[in-house]
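Q: Take a look at data.pdb, PDB, C-alpha atoms, pLDDT in the B column:
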ATOM      1  CA  MET A  16     -58.948 -29.320 -89.182  1.00 48.00           C
ATOM      2  CA  PRO A  17     -59.105 -31.176 -92.501  1.00 52.00           C
ATOM      3  CA  ASN A  18     -57.656 -28.216 -94.408  1.00 79.00           C
ATOM      4  CA  GLN A  19     -54.584 -28.028 -92.252  1.00 85.00           C
ATOM      5  CA  SER A  20     -54.185 -31.784 -92.610  1.00 92.00           C
ATOM      6  CA  VAL A  21     -54.156 -31.482 -96.403  1.00 94.00           C
ATOM      7  CA  GLU A  22     -51.690 -28.615 -96.132  1.00 94.00           C
ATOM      8  CA  LEU A  23     -49.409 -30.731 -93.926  1.00 96.00           C
ATOM      9  CA  ASP A  24     -49.650 -33.632 -96.403  1.00 97.00           C
ATOM     10  CA  ARG A  25     -48.501 -31.401 -99.217  1.00 97.00           C
ATOM     11  CA  VAL A  26     -45.810 -29.546 -97.297  1.00 97.00           C
ATOM     12  CA  PHE A  27     -44.215 -32.707 -95.891  1.00 97.00           C
ATOM     13  CA  GLN A  28     -44.477 -34.300 -99.341  1.00 97.00           C
ATOM     14  CA  ALA A  29     -42.698 -31.283-100.817  1.00 98.00           C
ATOM     15  CA  LEU A  30     -39.976 -31.495 -98.157  1.00 97.00           C
ATOM     16  CA  ALA A  31     -39.424 -35.211 -98.831  1.00 97.00           C
ATOM     17  CA  ASP A  32     -37.104 -34.539-101.762  1.00 97.00           C
ATOM     18  CA  PRO A  33     -33.457 -33.412-101.627  1.00 96.00           C
ATOM     19  CA  THR A  34     -33.704 -31.168-104.718  1.00 97.00           C
ATOM     20  CA  ARG A  35     -36.708 -29.338-103.334  1.00 98.00           C
ATOM     21  CA  ARG A  36     -35.064 -28.948 -99.918  1.00 97.00           C
ATOM     22  CA  ALA A  37     -31.928 -27.571-101.597  1.00 97.00           C
ATOM     23  CA  VAL A  38     -34.038 -25.024-103.497  1.00 97.00           C
ATOM     24  CA  LEU A  39     -35.690 -23.901-100.255  1.00 96.00           C
ATOM     25  CA  GLN A  40     -32.295 -23.646 -98.543  1.00 95.00           C
ATOM     26  CA  LYS A  41     -31.036 -21.473-101.378  1.00 95.00           C
ATOM     27  CA  LEU A  42     -34.149 -19.267-101.233  1.00 95.00           C
ATOM     28  CA  THR A  43     -33.721 -18.608 -97.510  1.00 93.00           C
ATOM     29  CA  TYR A  44     -30.835 -16.340 -98.601  1.00 91.00           C
ATOM     30  CA  GLY A  45     -33.090 -14.342-100.912  1.00 92.00           C
ATOM     31  CA  PRO A  46     -35.160 -14.499-104.106  1.00 94.00           C
ATOM     32  CA  ALA A  47     -33.558 -16.084-107.180  1.00 97.00           C
ATOM     33  CA  PRO A  48     -34.420 -16.639-110.845  1.00 96.00           C
ATOM     34  CA  VAL A  49     -35.043 -20.153-112.201  1.00 96.00           C
ATOM     35  CA  SER A  50     -31.678 -20.329-113.983  1.00 94.00           C
ATOM     36  CA  GLU A  51     -29.788 -19.642-110.759  1.00 96.00           C
ATOM     37  CA  LEU A  52     -31.869 -22.164-108.817  1.00 97.00           C
ATOM     38  CA  ALA A  53     -31.420 -24.864-111.465  1.00 97.00           C
ATOM     39  CA  GLN A  54     -27.682 -24.286-111.887  1.00 96.00           C
ATOM     40  CA  PRO A  55     -26.359 -26.694-109.160  1.00 95.00           C
ATOM     41  CA  PHE A  56     -28.478 -29.588-110.423  1.00 95.00           C
ATOM     42  CA  ASP A  57     -27.645 -31.990-113.203  1.00 94.00           C
ATOM     43  CA  MET A  58     -31.257 -32.154-114.288  1.00 95.00           C
ATOM     44  CA  ALA A  59     -33.329 -31.340-117.387  1.00 95.00           C
ATOM     45  CA  LEU A  60     -35.130 -28.037-116.965  1.00 93.00           C
ATOM     46  CA  PRO A  61     -38.654 -29.547-117.309  1.00 95.00           C
ATOM     47  CA  SER A  62     -37.897 -31.962-114.433  1.00 96.00           C
ATOM     48  CA  PHE A  63     -36.525 -29.129-112.370  1.00 97.00           C
ATOM     49  CA  ALA A  64     -39.582 -27.021-113.192  1.00 96.00           C
ATOM     50  CA  GLN A  65     -41.789 -29.805-111.814  1.00 97.00           C
ATOM     51  CA  HIS A  66     -40.010 -29.521-108.471  1.00 98.00           C
ATOM     52  CA  LEU A  67     -40.664 -25.779-108.474  1.00 98.00           C
ATOM     53  CA  ASP A  68     -44.323 -26.461-109.280  1.00 97.00           C
ATOM     54  CA  VAL A  69     -44.597 -28.774-106.257  1.00 98.00           C
ATOM     55  CA  LEU A  70     -43.044 -26.114-104.020  1.00 98.00           C
ATOM     56  CA  GLU A  71     -45.318 -23.408-105.381  1.00 97.00           C
ATOM     57  CA  GLY A  72     -48.376 -25.712-105.268  1.00 96.00           C
ATOM     58  CA  CYS A  73     -48.120 -26.111-101.503  1.00 95.00           C
ATOM     59  CA  GLY A  74     -47.309 -22.454-100.947  1.00 96.00           C
ATOM     60  CA  LEU A  75     -43.676 -22.882 -99.858  1.00 96.00           C
ATOM     61  CA  VAL A  76     -42.505 -20.545-102.635  1.00 97.00           C
ATOM     62  CA  ARG A  77     -44.031 -17.775-104.715  1.00 97.00           C
ATOM     63  CA  SER A  78     -42.947 -16.734-108.175  1.00 97.00           C
ATOM     64  CA  ARG A  79     -43.167 -13.598-110.284  1.00 96.00           C
ATOM     65  CA  LYS A  80     -42.414 -13.148-113.938  1.00 96.00           C
ATOM     66  CA  THR A  81     -40.641  -9.983-115.035  1.00 93.00           C
ATOM     67  CA  GLY A  82     -40.088  -9.928-118.776  1.00 95.00           C
ATOM     68  CA  ARG A  83     -38.751 -13.393-119.590  1.00 93.00           C
ATOM     69  CA  VAL A  84     -37.350 -14.096-116.155  1.00 94.00           C
ATOM     70  CA  ARG A  85     -39.342 -15.914-113.483  1.00 96.00           C
ATOM     71  CA  THR A  86     -38.057 -15.217-109.982  1.00 97.00           C
ATOM     72  CA  TYR A  87     -38.850 -17.341-106.947  1.00 97.00           C
ATOM     73  CA  GLN A  88     -38.989 -16.392-103.303  1.00 96.00           C
ATOM     74  CA  LEU A  89     -39.590 -18.260-100.089  1.00 94.00           C
ATOM     75  CA  ALA A  90     -43.050 -18.064 -98.490  1.00 92.00           C
ATOM     76  CA  PRO A  91     -42.319 -19.288 -94.985  1.00 87.00           C
ATOM     77  CA  ARG A  92     -45.840 -19.764 -93.605  1.00 91.00           C
ATOM     78  CA  PRO A  93     -46.228 -23.464 -94.608  1.00 93.00           C
ATOM     79  CA  LEU A  94     -42.778 -24.120 -93.163  1.00 92.00           C
ATOM     80  CA  LYS A  95     -44.010 -22.697 -89.865  1.00 92.00           C
ATOM     81  CA  VAL A  96     -47.140 -24.862 -89.969  1.00 93.00           C
ATOM     82  CA  ALA A  97     -44.974 -27.971 -90.416  1.00 95.00           C
ATOM     83  CA  GLU A  98     -42.511 -26.904 -87.725  1.00 94.00           C
ATOM     84  CA  ARG A  99     -45.355 -26.197 -85.317  1.00 94.00           C
ATOM     85  CA  TRP A 100     -46.874 -29.632 -85.897  1.00 95.00           C
ATOM     86  CA  ILE A 101     -43.571 -31.359 -85.099  1.00 95.00           C
ATOM     87  CA  ALA A 102     -42.842 -29.084 -82.124  1.00 93.00           C
ATOM     88  CA  ARG A 103     -46.261 -29.841 -80.652  1.00 93.00           C
ATOM     89  CA  GLN A 104     -45.652 -33.604 -80.784  1.00 92.00           C
ATOM     90  CA  ARG A 105     -42.253 -33.156 -79.182  1.00 88.00           C
ATOM     91  CA  ALA A 106     -43.723 -31.007 -76.414  1.00 89.00           C
ATOM     92  CA  ILE A 107     -46.416 -33.578 -75.587  1.00 90.00           C
ATOM     93  CA  TRP A 108     -43.843 -36.347 -75.629  1.00 87.00           C
ATOM     94  CA  GLU A 109     -41.414 -34.455 -73.377  1.00 86.00           C
ATOM     95  CA  ARG A 110     -44.187 -33.547 -70.943  1.00 86.00           C
ATOM     96  CA  ARG A 111     -45.077 -37.225 -70.717  1.00 85.00           C
ATOM     97  CA  LEU A 112     -41.426 -38.081 -69.983  1.00 82.00           C
ATOM     98  CA  ASP A 113     -41.382 -35.439 -67.231  1.00 83.00           C
ATOM     99  CA  GLN A 114     -44.514 -36.949 -65.726  1.00 84.00           C
ATOM    100  CA  LEU A 115     -42.962 -40.416 -65.832  1.00 81.00           C
ATOM    101  CA  ASP A 116     -39.852 -38.998 -64.202  1.00 82.00           C
ATOM    102  CA  ALA A 117     -41.881 -37.369 -61.429  1.00 85.00           C
ATOM    103  CA  TYR A 118     -43.800 -40.606 -60.900  1.00 82.00           C
ATOM    104  CA  LEU A 119     -40.552 -42.580 -60.608  1.00 83.00           C
ATOM    105  CA  SER A 120     -39.245 -40.078 -58.040  1.00 86.00           C
ATOM    106  CA  VAL A 121     -42.389 -40.549 -55.955  1.00 86.00           C
ATOM    107  CA  LEU A 122     -41.977 -44.323 -56.144  1.00 85.00           C
ATOM    108  CA  LYS A 123     -38.328 -44.046 -55.070  1.00 85.00           C
ATOM    109  CA  GLU A 124     -39.233 -41.864 -52.078  1.00 86.00           C
ATOM    110  CA  LYS A 125     -41.836 -44.373 -50.984  1.00 83.00           C
ATOM    111  CA  LYS A 126     -39.216 -47.127 -51.077  1.00 75.00           C
ATOM    112  CA  PRO A 127     -37.881 -47.785 -47.567  1.00 68.00           C
TER     113      PRO A 127
ATOM    114  CA  MET B  11     -24.363 -35.280 -95.479  1.00 48.00           C
ATOM    115  CA  PRO B  12     -26.013 -37.751 -97.875  1.00 52.00           C
ATOM    116  CA  ASN B  13     -27.144 -40.026 -95.025  1.00 78.00           C
ATOM    117  CA  GLN B  14     -28.991 -37.274 -93.264  1.00 85.00           C
ATOM    118  CA  SER B  15     -30.544 -36.283 -96.583  1.00 92.00           C
ATOM    119  CA  VAL B  16     -31.892 -39.809 -97.079  1.00 94.00           C
ATOM    120  CA  GLU B  17     -33.173 -39.790 -93.499  1.00 94.00           C
ATOM    121  CA  LEU B  18     -34.955 -36.471 -94.114  1.00 96.00           C
ATOM    122  CA  ASP B  19     -36.478 -37.839 -97.341  1.00 97.00           C
ATOM    123  CA  ARG B  20     -37.922 -40.777 -95.463  1.00 97.00           C
ATOM    124  CA  VAL B  21     -39.061 -38.888 -92.385  1.00 97.00           C
ATOM    125  CA  PHE B  22     -40.841 -36.146 -94.356  1.00 97.00           C
ATOM    126  CA  GLN B  23     -42.351 -38.833 -96.599  1.00 97.00           C
ATOM    127  CA  ALA B  24     -43.621 -40.637 -93.507  1.00 97.00           C
ATOM    128  CA  LEU B  25     -45.088 -37.400 -92.134  1.00 97.00           C
ATOM    129  CA  ALA B  26     -46.882 -36.659 -95.426  1.00 97.00           C
ATOM    130  CA  ASP B  27     -49.836 -38.876 -94.549  1.00 97.00           C
ATOM    131  CA  PRO B  28     -52.697 -38.086 -92.135  1.00 96.00           C
ATOM    132  CA  THR B  29     -53.004 -41.676 -90.840  1.00 97.00           C
ATOM    133  CA  ARG B  30     -49.306 -41.852 -90.022  1.00 98.00           C
ATOM    134  CA  ARG B  31     -49.380 -38.432 -88.352  1.00 97.00           C
ATOM    135  CA  ALA B  32     -52.396 -39.505 -86.274  1.00 97.00           C
ATOM    136  CA  VAL B  33     -50.509 -42.640 -85.158  1.00 97.00           C
ATOM    137  CA  LEU B  34     -47.522 -40.533 -84.098  1.00 96.00           C
ATOM    138  CA  GLN B  35     -49.818 -38.115 -82.250  1.00 95.00           C
ATOM    139  CA  LYS B  36     -51.388 -41.025 -80.386  1.00 95.00           C
ATOM    140  CA  LEU B  37     -47.957 -42.479 -79.522  1.00 95.00           C
ATOM    141  CA  THR B  38     -46.759 -39.196 -78.000  1.00 93.00           C
ATOM    142  CA  TYR B  39     -49.072 -40.101 -75.097  1.00 91.00           C
ATOM    143  CA  GLY B  40     -47.401 -43.473 -74.600  1.00 92.00           C
ATOM    144  CA  PRO B  41     -46.807 -46.890 -76.180  1.00 94.00           C
ATOM    145  CA  ALA B  42     -49.807 -48.710 -77.654  1.00 97.00           C
ATOM    146  CA  PRO B  43     -50.594 -52.087 -79.235  1.00 96.00           C
ATOM    147  CA  VAL B  44     -51.536 -52.361 -82.919  1.00 95.00           C
ATOM    148  CA  SER B  45     -55.225 -52.987 -82.183  1.00 94.00           C
ATOM    149  CA  GLU B  46     -55.492 -49.751 -80.188  1.00 96.00           C
ATOM    150  CA  LEU B  47     -53.630 -47.767 -82.846  1.00 97.00           C
ATOM    151  CA  ALA B  48     -55.783 -49.172 -85.661  1.00 97.00           C
ATOM    152  CA  GLN B  49     -59.082 -48.677 -83.833  1.00 96.00           C
ATOM    153  CA  PRO B  50     -59.909 -45.082 -84.959  1.00 95.00           C
ATOM    154  CA  PHE B  51     -59.314 -45.894 -88.630  1.00 95.00           C
ATOM    155  CA  ASP B  52     -61.775 -47.404 -91.045  1.00 94.00           C
ATOM    156  CA  MET B  53     -59.019 -49.337 -92.771  1.00 94.00           C
ATOM    157  CA  ALA B  54     -58.130 -52.974 -93.449  1.00 95.00           C
ATOM    158  CA  LEU B  55     -55.444 -54.171 -91.042  1.00 93.00           C
ATOM    159  CA  PRO B  56     -52.880 -54.976 -93.800  1.00 95.00           C
ATOM    160  CA  SER B  57     -53.164 -51.398 -95.105  1.00 96.00           C
ATOM    161  CA  PHE B  58     -52.789 -50.051 -91.610  1.00 97.00           C
ATOM    162  CA  ALA B  59     -49.796 -52.327 -91.019  1.00 96.00           C
ATOM    163  CA  GLN B  60     -48.122 -50.789 -94.078  1.00 97.00           C
ATOM    164  CA  HIS B  61     -48.374 -47.361 -92.463  1.00 98.00           C
ATOM    165  CA  LEU B  62     -46.732 -48.751 -89.323  1.00 98.00           C
ATOM    166  CA  ASP B  63     -43.992 -50.282 -91.488  1.00 97.00           C
ATOM    167  CA  VAL B  64     -43.273 -46.885 -93.063  1.00 98.00           C
ATOM    168  CA  LEU B  65     -43.057 -45.287 -89.618  1.00 98.00           C
ATOM    169  CA  GLU B  66     -40.798 -48.037 -88.302  1.00 97.00           C
ATOM    170  CA  GLY B  67     -38.705 -48.046 -91.490  1.00 96.00           C
ATOM    171  CA  CYS B  68     -37.640 -44.444 -91.000  1.00 95.00           C
ATOM    172  CA  GLY B  69     -37.119 -44.889 -87.281  1.00 96.00           C
ATOM    173  CA  LEU B  70     -40.037 -42.750 -86.081  1.00 96.00           C
ATOM    174  CA  VAL B  71     -41.446 -45.680 -84.099  1.00 97.00           C
ATOM    175  CA  ARG B  72     -40.103 -48.881 -82.592  1.00 97.00           C
ATOM    176  CA  SER B  73     -42.073 -52.048 -81.940  1.00 97.00           C
ATOM    177  CA  ARG B  74     -41.776 -55.035 -79.630  1.00 96.00           C
ATOM    178  CA  LYS B  75     -43.697 -58.256 -79.695  1.00 95.00           C
ATOM    179  CA  THR B  76     -44.786 -59.791 -76.409  1.00 93.00           C
ATOM    180  CA  GLY B  77     -46.660 -63.026 -76.936  1.00 95.00           C
ATOM    181  CA  ARG B  78     -49.121 -62.250 -79.728  1.00 93.00           C
ATOM    182  CA  VAL B  79     -49.278 -58.519 -79.120  1.00 94.00           C
ATOM    183  CA  ARG B  80     -47.024 -56.077 -80.954  1.00 96.00           C
ATOM    184  CA  THR B  81     -46.639 -52.781 -79.127  1.00 97.00           C
ATOM    185  CA  TYR B  82     -45.395 -49.569 -80.713  1.00 97.00           C
ATOM    186  CA  GLN B  83     -43.646 -46.632 -79.148  1.00 96.00           C
ATOM    187  CA  LEU B  84     -42.434 -43.289 -80.420  1.00 94.00           C
ATOM    188  CA  ALA B  85     -38.739 -42.878 -81.210  1.00 92.00           C
ATOM    189  CA  PRO B  86     -38.408 -39.108 -81.330  1.00 87.00           C
ATOM    190  CA  ARG B  87     -34.911 -38.699 -82.792  1.00 91.00           C
ATOM    191  CA  PRO B  88     -35.980 -38.531 -86.495  1.00 93.00           C
ATOM    192  CA  LEU B  89     -38.676 -36.033 -85.502  1.00 92.00           C
ATOM    193  CA  LYS B  90     -35.938 -33.865 -83.980  1.00 92.00           C
ATOM    194  CA  VAL B  91     -33.826 -34.132 -87.149  1.00 93.00           C
ATOM    195  CA  ALA B  92     -36.787 -32.932 -89.242  1.00 95.00           C
ATOM    196  CA  GLU B  93     -37.651 -30.154 -86.802  1.00 94.00           C
ATOM    197  CA  ARG B  94     -34.036 -28.994 -86.736  1.00 94.00           C
ATOM    198  CA  TRP B  95     -33.880 -28.844 -90.532  1.00 95.00           C
ATOM    199  CA  ILE B  96     -36.984 -26.644 -90.696  1.00 95.00           C
ATOM    200  CA  ALA B  97     -35.880 -24.467 -87.761  1.00 93.00           C
ATOM    201  CA  ARG B  98     -32.510 -23.853 -89.412  1.00 93.00           C
ATOM    202  CA  GLN B  99     -34.157 -22.608 -92.620  1.00 92.00           C
ATOM    203  CA  ARG B 100     -36.420 -20.340 -90.628  1.00 88.00           C
ATOM    204  CA  ALA B 101     -33.488 -18.940 -88.649  1.00 89.00           C
ATOM    205  CA  ILE B 102     -31.519 -18.126 -91.813  1.00 90.00           C
ATOM    206  CA  TRP B 103     -34.588 -16.539 -93.358  1.00 87.00           C
ATOM    207  CA  GLU B 104     -35.361 -14.427 -90.280  1.00 85.00           C
ATOM    208  CA  ARG B 105     -31.742 -13.287 -90.002  1.00 86.00           C
ATOM    209  CA  ARG B 106     -31.907 -12.156 -93.612  1.00 85.00           C
ATOM    210  CA  LEU B 107     -35.096 -10.187 -92.886  1.00 82.00           C
ATOM    211  CA  ASP B 108     -33.363  -8.530 -89.903  1.00 83.00           C
ATOM    212  CA  GLN B 109     -30.441  -7.584 -92.125  1.00 84.00           C
ATOM    213  CA  LEU B 110     -32.825  -6.111 -94.701  1.00 81.00           C
ATOM    214  CA  ASP B 111     -34.556  -4.214 -91.926  1.00 82.00           C
ATOM    215  CA  ALA B 112     -31.250  -2.822 -90.641  1.00 85.00           C
ATOM    216  CA  TYR B 113     -30.269  -1.852 -94.176  1.00 82.00           C
ATOM    217  CA  LEU B 114     -33.564  -0.012 -94.683  1.00 83.00           C
ATOM    218  CA  SER B 115     -33.018   1.879 -91.417  1.00 86.00           C
ATOM    219  CA  VAL B 116     -29.593   2.990 -92.599  1.00 86.00           C
ATOM    220  CA  LEU B 117     -31.088   4.158 -95.898  1.00 85.00           C
ATOM    221  CA  LYS B 118     -33.805   6.086 -94.041  1.00 85.00           C
ATOM    222  CA  GLU B 119     -31.236   7.815 -91.807  1.00 86.00           C
ATOM    223  CA  LYS B 120     -29.235   8.894 -94.827  1.00 83.00           C
ATOM    224  CA  LYS B 121     -32.335  10.460 -96.362  1.00 74.00           C
ATOM    225  CA  PRO B 122     -32.344  14.224 -95.790  1.00 68.00           C
TER     226      PRO B 122
END
Render the structure in this file as structure tokens.
A:
Amino acid sequence: MPNQSVELDRVFQALADPTRRAVLQKLTYGPAPVSELAQPFDMALPSFAQHLDVLEGCGLVRSRKTGRVRTYQLAPRPLKVAERWIARQRAIWERRLDQLDAYLSVLKEKKP
Amino acid sequence: MPNQSVELDRVFQALADPTRRAVLQKLTYGPAPVSELAQPFDMALPSFAQHLDVLEGCGLVRSRKTGRVRTYQLAPRPLKVAERWIARQRAIWERRLDQLDAYLSVLKEKKP
């Protein structure tokens, strides 16, 4: 699925930055306006806005403007797509370990 | 934890590329030599080697050279760290939704 691959590229890219992860962490507790999101960071607002653009570009957050205030909220679907990709790899890997384990047990039983 | 933050930066960065994800997917089925890993990709070997370096640099894979053959294997710990980070966000977010839901129920009950 090329589309999902592009989505994963963008989501993982978005998650590869501590400021953007901190924004997502904050938004898990509820929607927040830009000023509140920017407050913990010692960063010029245009730079901070770029981080928000990356998050919104890959669908991890949505924003809405009411009057002069833009409020952001988490959109968890891309997060689920990323989590599912990782979980799938882990499951395959753990199944393989189980198979190896079973194979070793068989070998041990065969040993006199 | 600044160290874990740096680790997450690097792991998510490593995952943000389809070639690197395909290599990890392949390695979930067992260790493989470079030639076998490179085979599906229409890519010069030095470029491919850079992808392997990124994966090894963040600890997602380990390699061992035997004679002239370098073999790679998955090292799943960083994958778990990334998965745990995402799962934690999702858990917080879902708990918040449950709380909202409970609050709405209370409001409904109070309604005459």
Q: List, as an MDAnalysis selection string, every residue that the PyMOL selection byres ((chain A) within 12 of (chain B)) selects in the file provided.
A: chainID A and resid 16:46 75 88:115
Q: Can you work out the spacing between CA of Asp52 in chain B and CA of Gly69 in chain B in Å, to one decimal?
A: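 So the answer is 25.1 Å.
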Q: May I ask for the distance between CA of Leu60 in chain A and CA of Gly72 in chain A, given in Å to one decimal place?
A: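 Between CA of Leu60 in chain A and CA of Gly72 in chain A the gap is 17.8 Å.
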Q: I need the output of the PyMOL selection byres ((chain A and resi 82-85) around 10) for this file as a count of residues only; which residues are they?
A: 10
Q: Grab the CA of Pro61 in chain A to CA of Cys73 in chain A distance for me, in Å with one decimal place.
A: 18.7 Å
Q: Generate the missing atoms of range 30-45 of chain B up to N, CA, C and O atoms and report them as a PDB file, in the coordinates of the input.
A:
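Contents of part_35.pdb, as written:
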ATOM      1  N   ARG B  30     -50.583 -41.691 -90.726  1.00 98.00           N
ATOM      2  CA  ARG B  30     -49.306 -41.852 -90.022  1.00 98.00           C
ATOM      3  C   ARG B  30     -49.102 -40.740 -89.000  1.00 98.00           C
ATOM      4  O   ARG B  30     -48.599 -40.975 -87.905  1.00 98.00           O
ATOM      5  N   ARG B  31     -49.512 -39.510 -89.339  1.00 97.00           N
ATOM      6  CA  ARG B  31     -49.380 -38.432 -88.352  1.00 97.00           C
ATOM      7  C   ARG B  31     -50.274 -38.692 -87.138  1.00 97.00           C
ATOM      8  O   ARG B  31     -49.875 -38.443 -86.002  1.00 97.00           O
ATOM      9  N   ALA B  32     -51.485 -39.220 -87.395  1.00 97.00           N
ATOM     10  CA  ALA B  32     -52.396 -39.505 -86.274  1.00 97.00           C
ATOM     11  C   ALA B  32     -51.806 -40.586 -85.364  1.00 97.00           C
ATOM     12  O   ALA B  32     -51.925 -40.509 -84.138  1.00 97.00           O
ATOM     13  N   VAL B  33     -51.147 -41.581 -85.960  1.00 97.00           N
ATOM     14  CA  VAL B  33     -50.509 -42.640 -85.158  1.00 97.00           C
ATOM     15  C   VAL B  33     -49.409 -42.030 -84.278  1.00 97.00           C
ATOM     16  O   VAL B  33     -49.315 -42.328 -83.083  1.00 97.00           O
ATOM     17  N   LEU B  34     -48.596 -41.165 -84.875  1.00 96.00           N
ATOM     18  CA  LEU B  34     -47.522 -40.533 -84.098  1.00 96.00           C
ATOM     19  C   LEU B  34     -48.104 -39.690 -82.961  1.00 96.00           C
ATOM     20  O   LEU B  34     -47.611 -39.728 -81.829  1.00 96.00           O
ATOM     21  N   GLN B  35     -49.182 -38.942 -83.283  1.00 95.00           N
ATOM     22  CA  GLN B  35     -49.818 -38.115 -82.250  1.00 95.00           C
ATOM     23  C   GLN B  35     -50.275 -38.981 -81.077  1.00 95.00           C
ATOM     24  O   GLN B  35     -50.050 -38.640 -79.917  1.00 95.00           O
ATOM     25  N   LYS B  36     -50.906 -40.094 -81.418  1.00 95.00           N
ATOM     26  CA  LYS B  36     -51.388 -41.025 -80.386  1.00 95.00           C
ATOM     27  C   LYS B  36     -50.203 -41.545 -79.554  1.00 95.00           C
ATOM     28  O   LYS B  36     -50.281 -41.615 -78.320  1.00 95.00           O
ATOM     29  N   LEU B  37     -49.102 -41.886 -80.228  1.00 95.00           N
ATOM     30  CA  LEU B  37     -47.957 -42.479 -79.522  1.00 95.00           C
ATOM     31  C   LEU B  37     -47.201 -41.470 -78.654  1.00 95.00           C
ATOM     32  O   LEU B  37     -46.429 -41.869 -77.777  1.00 95.00           O
ATOM     33  N   THR B  38     -47.411 -40.170 -78.889  1.00 93.00           N
ATOM     34  CA  THR B  38     -46.759 -39.196 -78.000  1.00 93.00           C
ATOM     35  C   THR B  38     -47.296 -39.338 -76.574  1.00 93.00           C
ATOM     36  O   THR B  38     -46.637 -38.924 -75.636  1.00 93.00           O
ATOM     37  N   TYR B  39     -48.506 -39.920 -76.437  1.00 91.00           N
ATOM     38  CA  TYR B  39     -49.072 -40.101 -75.097  1.00 91.00           C
ATOM     39  C   TYR B  39     -48.652 -41.415 -74.447  1.00 91.00           C
ATOM     40  O   TYR B  39     -49.057 -41.696 -73.324  1.00 91.00           O
ATOM     41  N   GLY B  40     -47.873 -42.220 -75.181  1.00 92.00           N
ATOM     42  CA  GLY B  40     -47.401 -43.473 -74.600  1.00 92.00           C
ATOM     43  C   GLY B  40     -47.504 -44.626 -75.574  1.00 92.00           C
ATOM     44  O   GLY B  40     -48.215 -44.533 -76.581  1.00 92.00           O
ATOM     45  N   PRO B  41     -46.782 -45.720 -75.298  1.00 94.00           N
ATOM     46  CA  PRO B  41     -46.807 -46.890 -76.180  1.00 94.00           C
ATOM     47  C   PRO B  41     -48.219 -47.461 -76.314  1.00 94.00           C
ATOM     48  O   PRO B  41     -49.042 -47.290 -75.417  1.00 94.00           O
ATOM     49  N   ALA B  42     -48.477 -48.125 -77.437  1.00 97.00           N
ATOM     50  CA  ALA B  42     -49.807 -48.710 -77.654  1.00 97.00           C
ATOM     51  C   ALA B  42     -49.697 -49.929 -78.569  1.00 97.00           C
ATOM     52  O   ALA B  42     -48.839 -49.969 -79.456  1.00 97.00           O
ATOM     53  N   PRO B  43     -50.575 -50.917 -78.353  1.00 96.00           N
ATOM     54  CA  PRO B  43     -50.594 -52.087 -79.235  1.00 96.00           C
ATOM     55  C   PRO B  43     -51.278 -51.756 -80.567  1.00 96.00           C
ATOM     56  O   PRO B  43     -52.044 -50.794 -80.655  1.00 96.00           O
ATOM     57  N   VAL B  44     -50.999 -52.594 -81.574  1.00 95.00           N
ATOM     58  CA  VAL B  44     -51.536 -52.361 -82.919  1.00 95.00           C
ATOM     59  C   VAL B  44     -53.048 -52.161 -82.897  1.00 95.00           C
ATOM     60  O   VAL B  44     -53.567 -51.226 -83.518  1.00 95.00           O
ATOM     61  N   SER B  45     -53.755 -53.035 -82.170  1.00 94.00           N
ATOM     62  CA  SER B  45     -55.225 -52.987 -82.183  1.00 94.00           C
ATOM     63  C   SER B  45     -55.722 -51.610 -81.734  1.00 94.00           C
ATOM     64  O   SER B  45     -56.649 -51.052 -82.323  1.00 94.00           O
TER      65      SER B  45
END
